[in-house]
Amino acid sequence: MIACIRSARVCVSRKAFVPSEPAASSSLIRRFQSVERQVLFNRHSHNKHANAIVSTITLNRPKANAMGRIMLQELSDTLNTLENDDETRCVVVTSSSQKVFSAGADLKERATMTMEEASDFVTCLRNAMNRFSRLPMPTVAAVEGVAVGGGLELALAADLRIAGSNATFGLPETSLAIIPGAGGTQRLSRLIGMARAKELIFTARRIDASTAFDYGLVQHVAKSGEAELKAME
């Protein structure tokens, strides 16, 4: 736990304000730019059952929803809320982008870490996936666009997966001389079988939504842009 706190110690508030360059005036007026949270959490009444609350977790870090320390901390905070939530009947995890669900870990940030920090980060990421998989309510991943590496591992941790027709899936870690570290090797093989999982992991091959459906990786394929709508039915 201490290692996780050290690795993910930076957390932003709902609206953190970052000053831009001061304007060229005698009064030195400063302008501020609003920085959105990287993980958005909302509750919705189900469209057919008003008393049923569906909560959404939306990954919100343009351009690739890369998972760094801040996103991991905010995801952990959201899980803290859901683990003690008596109202939510289902959780849908999705993305604010139609082009990418998540491209996985932030490799640029990881390149700045020491070996110990990188190990701590992967441990915390794995713990977050495990916590998501153990939430007391059903979970659905609504995937649009690219879901690779840690992005696919997050989708795998959900109970069900719904893909937009533009979705692509893969575990490209072996092409970077590493292996999936947040549960992908275990959960993928349980879903699609050992041989297919090994082939995808060993080759780092990506598959489209249709192939993912054929393999049993996703349960439904919706029109592009409508995965979340399908998940909310």
# chains A, B, ... in the order shown; residues from 1 in each chain; ligands from 1
>>> select_by_dssp(residues="stretch 14-231 of chain A", states="strand (DSSP E or B)", output="PyMOL selection string")
chain A and resi 16-19+32-35+39-45+53-59+67+88-95+100-102+105+139-143+146-148+160-164+168-170+207-208+220-222
>>> residues_around(residues="stretch 58-75 of chain A", least_positions_apart="6", cutoff="7 Å", atoms="only C-alpha atoms", output="VMD selection string")
chain A and resid 7 to 8 10 to 11 37 to 41 93 to 96 100 to 106 109 125
>>> residues_around(residues="A:Gln219", least_positions_apart="5", cutoff="7 Å", atoms="only C-alpha atoms", output="list in words")
Leu160, Arg161, Ile162 and Phe213 of chain A
>>> atom_distance(atom1="atom CA of A:Val54", atom2="atom CA of A:Gly181")
29.5 Å
>>> residues_around(residues="A:Val92", least_positions_apart="5", cutoff="8 Å", atoms="only C-alpha atoms", output="PyMOL selection string")
chain A and resi 54-57+139-142+228+231-232
>>> residues_around(residues="A:Thr203", least_positions_apart="2", cutoff="9 Å", atoms="only C-alpha atoms", output="PyMOL selection string")
chain A and resi 171-172+174-175+198-201+205-206
>>> write_last_selection(atoms="N, CA and C atoms", output="compact mmCIF listing (two decimals), in the first residue's frame")
# COMPACT_ATOMS: atom_id res chain seq x y z
N LEU A 171 -2.68 -6.98 -27.10
CA LEU A 171 -1.69 -6.88 -26.03
C LEU A 171 -0.32 -6.78 -26.69
N PRO A 172 0.15 -5.56 -26.97
CA PRO A 172 1.37 -5.38 -27.75
C PRO A 172 2.66 -5.42 -26.95
N THR A 174 4.77 -7.62 -25.88
CA THR A 174 5.94 -8.39 -26.30
C THR A 174 6.72 -7.70 -27.42
N SER A 175 6.04 -6.83 -28.18
CA SER A 175 6.77 -6.07 -29.20
C SER A 175 7.68 -5.02 -28.58
N LYS A 198 -2.29 -17.21 -26.13
CA LYS A 198 -0.84 -17.25 -26.36
C LYS A 198 -0.48 -16.65 -27.72
N GLU A 199 -1.27 -16.99 -28.74
CA GLU A 199 -0.98 -16.47 -30.08
C GLU A 199 -1.06 -14.94 -30.11
N LEU A 200 -2.08 -14.38 -29.49
CA LEU A 200 -2.22 -12.92 -29.49
C LEU A 200 -1.12 -12.26 -28.67
N ILE A 201 -0.75 -12.87 -27.55
CA ILE A 201 0.29 -12.28 -26.69
C ILE A 201 1.67 -12.43 -27.33
N ARG A 205 -0.42 -9.33 -31.96
CA ARG A 205 -1.37 -9.05 -33.04
C ARG A 205 -2.62 -8.39 -32.49
N ARG A 206 -3.15 -7.44 -33.27
CA ARG A 206 -4.42 -6.80 -32.92
C ARG A 206 -5.56 -7.47 -33.69
>>> select_by_dssp(residues="stretch 146-205 of chain A", states="helix (DSSP H, G or I)", output="NGL selection string")
:A and (150-156 or 172-176 or 184-192 or 194-203)
>>> write_last_selection(atoms="N, CA, C and O atoms", output="short mmCIF file (atom, residue, chain, number, x, y, z; two decimals), in the first residue's frame")
data_model
loop_
_atom_site.label_atom_id
_atom_site.label_comp_id
_atom_site.auth_asym_id
_atom_site.auth_seq_id
_atom_site.Cartn_x
_atom_site.Cartn_y
_atom_site.Cartn_z
N GLY A 150 -2.79 -2.04 -21.23
CA GLY A 150 -3.59 -1.84 -20.03
C GLY A 150 -5.04 -1.49 -20.32
O GLY A 150 -5.92 -1.74 -19.50
N GLY A 151 -5.30 -0.90 -21.49
CA GLY A 151 -6.68 -0.61 -21.87
C GLY A 151 -7.48 -1.88 -22.06
O GLY A 151 -8.63 -1.99 -21.59
N LEU A 152 -6.90 -2.86 -22.75
CA LEU A 152 -7.57 -4.15 -22.89
C LEU A 152 -7.66 -4.85 -21.55
O LEU A 152 -8.68 -5.49 -21.24
N GLU A 153 -6.63 -4.74 -20.73
CA GLU A 153 -6.66 -5.40 -19.43
C GLU A 153 -7.78 -4.84 -18.55
O GLU A 153 -8.42 -5.58 -17.80
N LEU A 154 -8.07 -3.55 -18.65
CA LEU A 154 -9.19 -2.98 -17.92
C LEU A 154 -10.50 -3.55 -18.44
O LEU A 154 -11.39 -3.92 -17.66
N ALA A 155 -10.64 -3.64 -19.77
CA ALA A 155 -11.86 -4.22 -20.35
C ALA A 155 -12.02 -5.68 -19.94
O ALA A 155 -13.12 -6.15 -19.66
N LEU A 156 -10.91 -6.42 -19.89
CA LEU A 156 -10.95 -7.82 -19.49
C LEU A 156 -11.41 -7.99 -18.05
O LEU A 156 -11.99 -9.02 -17.68
N PRO A 172 0.15 -5.56 -26.97
CA PRO A 172 1.37 -5.38 -27.75
C PRO A 172 2.66 -5.42 -26.95
O PRO A 172 3.74 -5.13 -27.48
N GLU A 173 2.58 -5.78 -25.68
CA GLU A 173 3.74 -5.66 -24.81
C GLU A 173 4.97 -6.41 -25.30
O GLU A 173 6.11 -5.94 -25.15
N THR A 174 4.77 -7.62 -25.88
CA THR A 174 5.94 -8.39 -26.30
C THR A 174 6.72 -7.70 -27.42
O THR A 174 7.91 -7.93 -27.57
N SER A 175 6.04 -6.83 -28.18
CA SER A 175 6.77 -6.07 -29.20
C SER A 175 7.68 -5.02 -28.58
O SER A 175 8.54 -4.46 -29.26
N LEU A 176 7.49 -4.77 -27.27
CA LEU A 176 8.32 -3.81 -26.53
C LEU A 176 9.26 -4.54 -25.57
O LEU A 176 9.86 -3.94 -24.69
N GLY A 184 -3.66 -9.38 -17.86
CA GLY A 184 -4.05 -9.76 -19.21
C GLY A 184 -3.75 -11.20 -19.56
O GLY A 184 -4.54 -11.85 -20.24
N THR A 185 -2.62 -11.71 -19.09
CA THR A 185 -2.25 -13.08 -19.43
C THR A 185 -3.23 -14.09 -18.83
O THR A 185 -3.52 -15.11 -19.45
N GLN A 186 -3.75 -13.80 -17.65
CA GLN A 186 -4.67 -14.72 -17.01
C GLN A 186 -6.09 -14.56 -17.56
O GLN A 186 -6.74 -15.55 -17.94
N ARG A 187 -6.59 -13.32 -17.59
CA ARG A 187 -7.99 -13.12 -17.97
C ARG A 187 -8.25 -13.42 -19.44
O ARG A 187 -9.32 -13.92 -19.78
N LEU A 188 -7.30 -13.10 -20.31
CA LEU A 188 -7.52 -13.35 -21.73
C LEU A 188 -7.63 -14.86 -21.99
O LEU A 188 -8.51 -15.30 -22.75
N SER A 189 -6.75 -15.65 -21.39
CA SER A 189 -6.78 -17.10 -21.61
C SER A 189 -8.06 -17.71 -21.07
O SER A 189 -8.60 -18.67 -21.65
N ARG A 190 -8.59 -17.19 -19.98
CA ARG A 190 -9.85 -17.71 -19.44
C ARG A 190 -11.02 -17.43 -20.38
O ARG A 190 -11.96 -18.22 -20.47
N LEU A 191 -10.95 -16.31 -21.08
CA LEU A 191 -12.05 -15.91 -21.96
C LEU A 191 -12.02 -16.61 -23.31
O LEU A 191 -13.04 -17.09 -23.80
N ILE A 192 -10.85 -16.67 -23.93
CA ILE A 192 -10.79 -17.14 -25.32
C ILE A 192 -10.00 -18.43 -25.49
O ILE A 192 -9.87 -18.93 -26.61
N MET A 194 -6.51 -20.95 -24.03
CA MET A 194 -5.06 -20.79 -23.87
C MET A 194 -4.34 -20.57 -25.19
O MET A 194 -3.48 -19.69 -25.31
N ALA A 195 -4.66 -21.37 -26.21
CA ALA A 195 -3.93 -21.29 -27.47
C ALA A 195 -4.11 -19.93 -28.15
O ALA A 195 -3.14 -19.32 -28.60
N ARG A 196 -5.36 -19.46 -28.23
CA ARG A 196 -5.59 -18.16 -28.86
C ARG A 196 -4.95 -17.03 -28.06
O ARG A 196 -4.40 -16.09 -28.62
N ALA A 197 -5.04 -17.12 -26.73
CA ALA A 197 -4.42 -16.09 -25.89
C ALA A 197 -2.92 -16.05 -26.10
O ALA A 197 -2.32 -14.97 -26.25
N LYS A 198 -2.29 -17.21 -26.13
CA LYS A 198 -0.84 -17.25 -26.36
C LYS A 198 -0.48 -16.65 -27.72
O LYS A 198 0.49 -15.90 -27.84
N GLU A 199 -1.27 -16.99 -28.74
CA GLU A 199 -0.98 -16.47 -30.08
C GLU A 199 -1.06 -14.94 -30.11
O GLU A 199 -0.18 -14.27 -30.68
N LEU A 200 -2.08 -14.38 -29.49
CA LEU A 200 -2.22 -12.92 -29.49
C LEU A 200 -1.12 -12.26 -28.67
O LEU A 200 -0.60 -11.20 -29.04
N ILE A 201 -0.75 -12.87 -27.55
CA ILE A 201 0.29 -12.28 -26.69
C ILE A 201 1.67 -12.43 -27.33
O ILE A 201 2.46 -11.48 -27.37
N PHE A 202 1.98 -13.62 -27.84
CA PHE A 202 3.30 -13.85 -28.42
C PHE A 202 3.55 -13.00 -29.66
O PHE A 202 4.66 -12.52 -29.88
N THR A 203 2.51 -12.81 -30.48
CA THR A 203 2.68 -12.07 -31.74
C THR A 203 2.37 -10.59 -31.62
O THR A 203 2.68 -9.83 -32.53
#
>>> residues_around(residues="A:Thr81", least_positions_apart="2", cutoff="12 Å", atoms="only C-alpha atoms", output="PyMOL selection string")
chain A and resi 41-43+55+57+74-79+83-88+91+131-132+135-136
>>> write_last_selection(atoms="N, CA and C atoms", output="short mmCIF file (atom, residue, chain, number, x, y, z; two decimals), in the first residue's frame")
data_model
loop_
_atom_site.label_atom_id
_atom_site.label_comp_id
_atom_site.auth_asym_id
_atom_site.auth_seq_id
_atom_site.Cartn_x
_atom_site.Cartn_y
_atom_site.Cartn_z
N PHE A 41 -16.60 10.35 -13.07
CA PHE A 41 -17.53 9.42 -12.43
C PHE A 41 -18.90 10.07 -12.35
N ASN A 42 -19.91 9.39 -12.88
CA ASN A 42 -21.26 9.93 -12.88
C ASN A 42 -22.26 8.83 -12.59
N ARG A 43 -23.41 9.24 -12.04
CA ARG A 43 -24.52 8.32 -11.81
C ARG A 43 -25.69 8.71 -12.70
N SER A 55 -23.84 3.66 -12.82
CA SER A 55 -22.71 4.57 -12.69
C SER A 55 -21.75 4.37 -13.86
N ILE A 57 -17.84 5.16 -15.43
CA ILE A 57 -16.45 5.57 -15.28
C ILE A 57 -15.96 5.91 -16.68
N GLU A 74 -6.87 8.62 -9.71
CA GLU A 74 -8.28 8.96 -9.84
C GLU A 74 -9.15 7.71 -10.01
N LEU A 75 -8.63 6.71 -10.72
CA LEU A 75 -9.36 5.45 -10.83
C LEU A 75 -9.48 4.78 -9.47
N SER A 76 -8.41 4.81 -8.69
CA SER A 76 -8.43 4.24 -7.35
C SER A 76 -9.44 4.96 -6.47
N ASP A 77 -9.49 6.29 -6.56
CA ASP A 77 -10.47 7.07 -5.79
C ASP A 77 -11.90 6.68 -6.18
N THR A 78 -12.13 6.48 -7.47
CA THR A 78 -13.46 6.10 -7.95
C THR A 78 -13.84 4.71 -7.42
N LEU A 79 -12.88 3.80 -7.41
CA LEU A 79 -13.15 2.47 -6.88
C LEU A 79 -13.45 2.51 -5.39
N GLU A 83 -16.85 0.79 -4.08
CA GLU A 83 -16.78 -0.34 -3.16
C GLU A 83 -17.70 -0.15 -1.95
N ASN A 84 -18.10 1.10 -1.70
CA ASN A 84 -18.99 1.39 -0.57
C ASN A 84 -20.30 2.00 -1.04
N ASP A 85 -20.68 1.69 -2.28
CA ASP A 85 -21.87 2.27 -2.90
C ASP A 85 -23.03 1.27 -2.82
N ASP A 86 -24.09 1.65 -2.12
CA ASP A 86 -25.26 0.78 -1.98
C ASP A 86 -26.35 1.10 -2.99
N GLU A 87 -26.15 2.13 -3.83
CA GLU A 87 -27.18 2.54 -4.76
C GLU A 87 -26.94 2.06 -6.19
N THR A 88 -25.68 2.00 -6.61
CA THR A 88 -25.36 1.63 -7.99
C THR A 88 -25.71 0.17 -8.24
N VAL A 91 -22.09 -0.84 -13.31
CA VAL A 91 -21.05 0.13 -13.65
C VAL A 91 -20.64 -0.07 -15.11
N ARG A 131 -9.29 -4.84 -8.17
CA ARG A 131 -10.38 -4.21 -7.41
C ARG A 131 -11.59 -3.98 -8.30
N PHE A 132 -11.35 -3.54 -9.54
CA PHE A 132 -12.46 -3.33 -10.47
C PHE A 132 -13.19 -4.64 -10.74
N LEU A 135 -15.70 -5.63 -7.87
CA LEU A 135 -16.78 -4.74 -7.42
C LEU A 135 -18.05 -5.55 -7.18
N PRO A 136 -18.86 -5.16 -6.21
CA PRO A 136 -20.03 -5.96 -5.85
C PRO A 136 -21.18 -5.91 -6.84
#
>>> atom_distance(atom1="atom CA of A:Ala128", atom2="atom CA of A:Asn80")
10.3 Å
>>> atom_distance(atom1="atom CA of A:Ser165", atom2="atom CA of A:Leu217")
13.7 Å
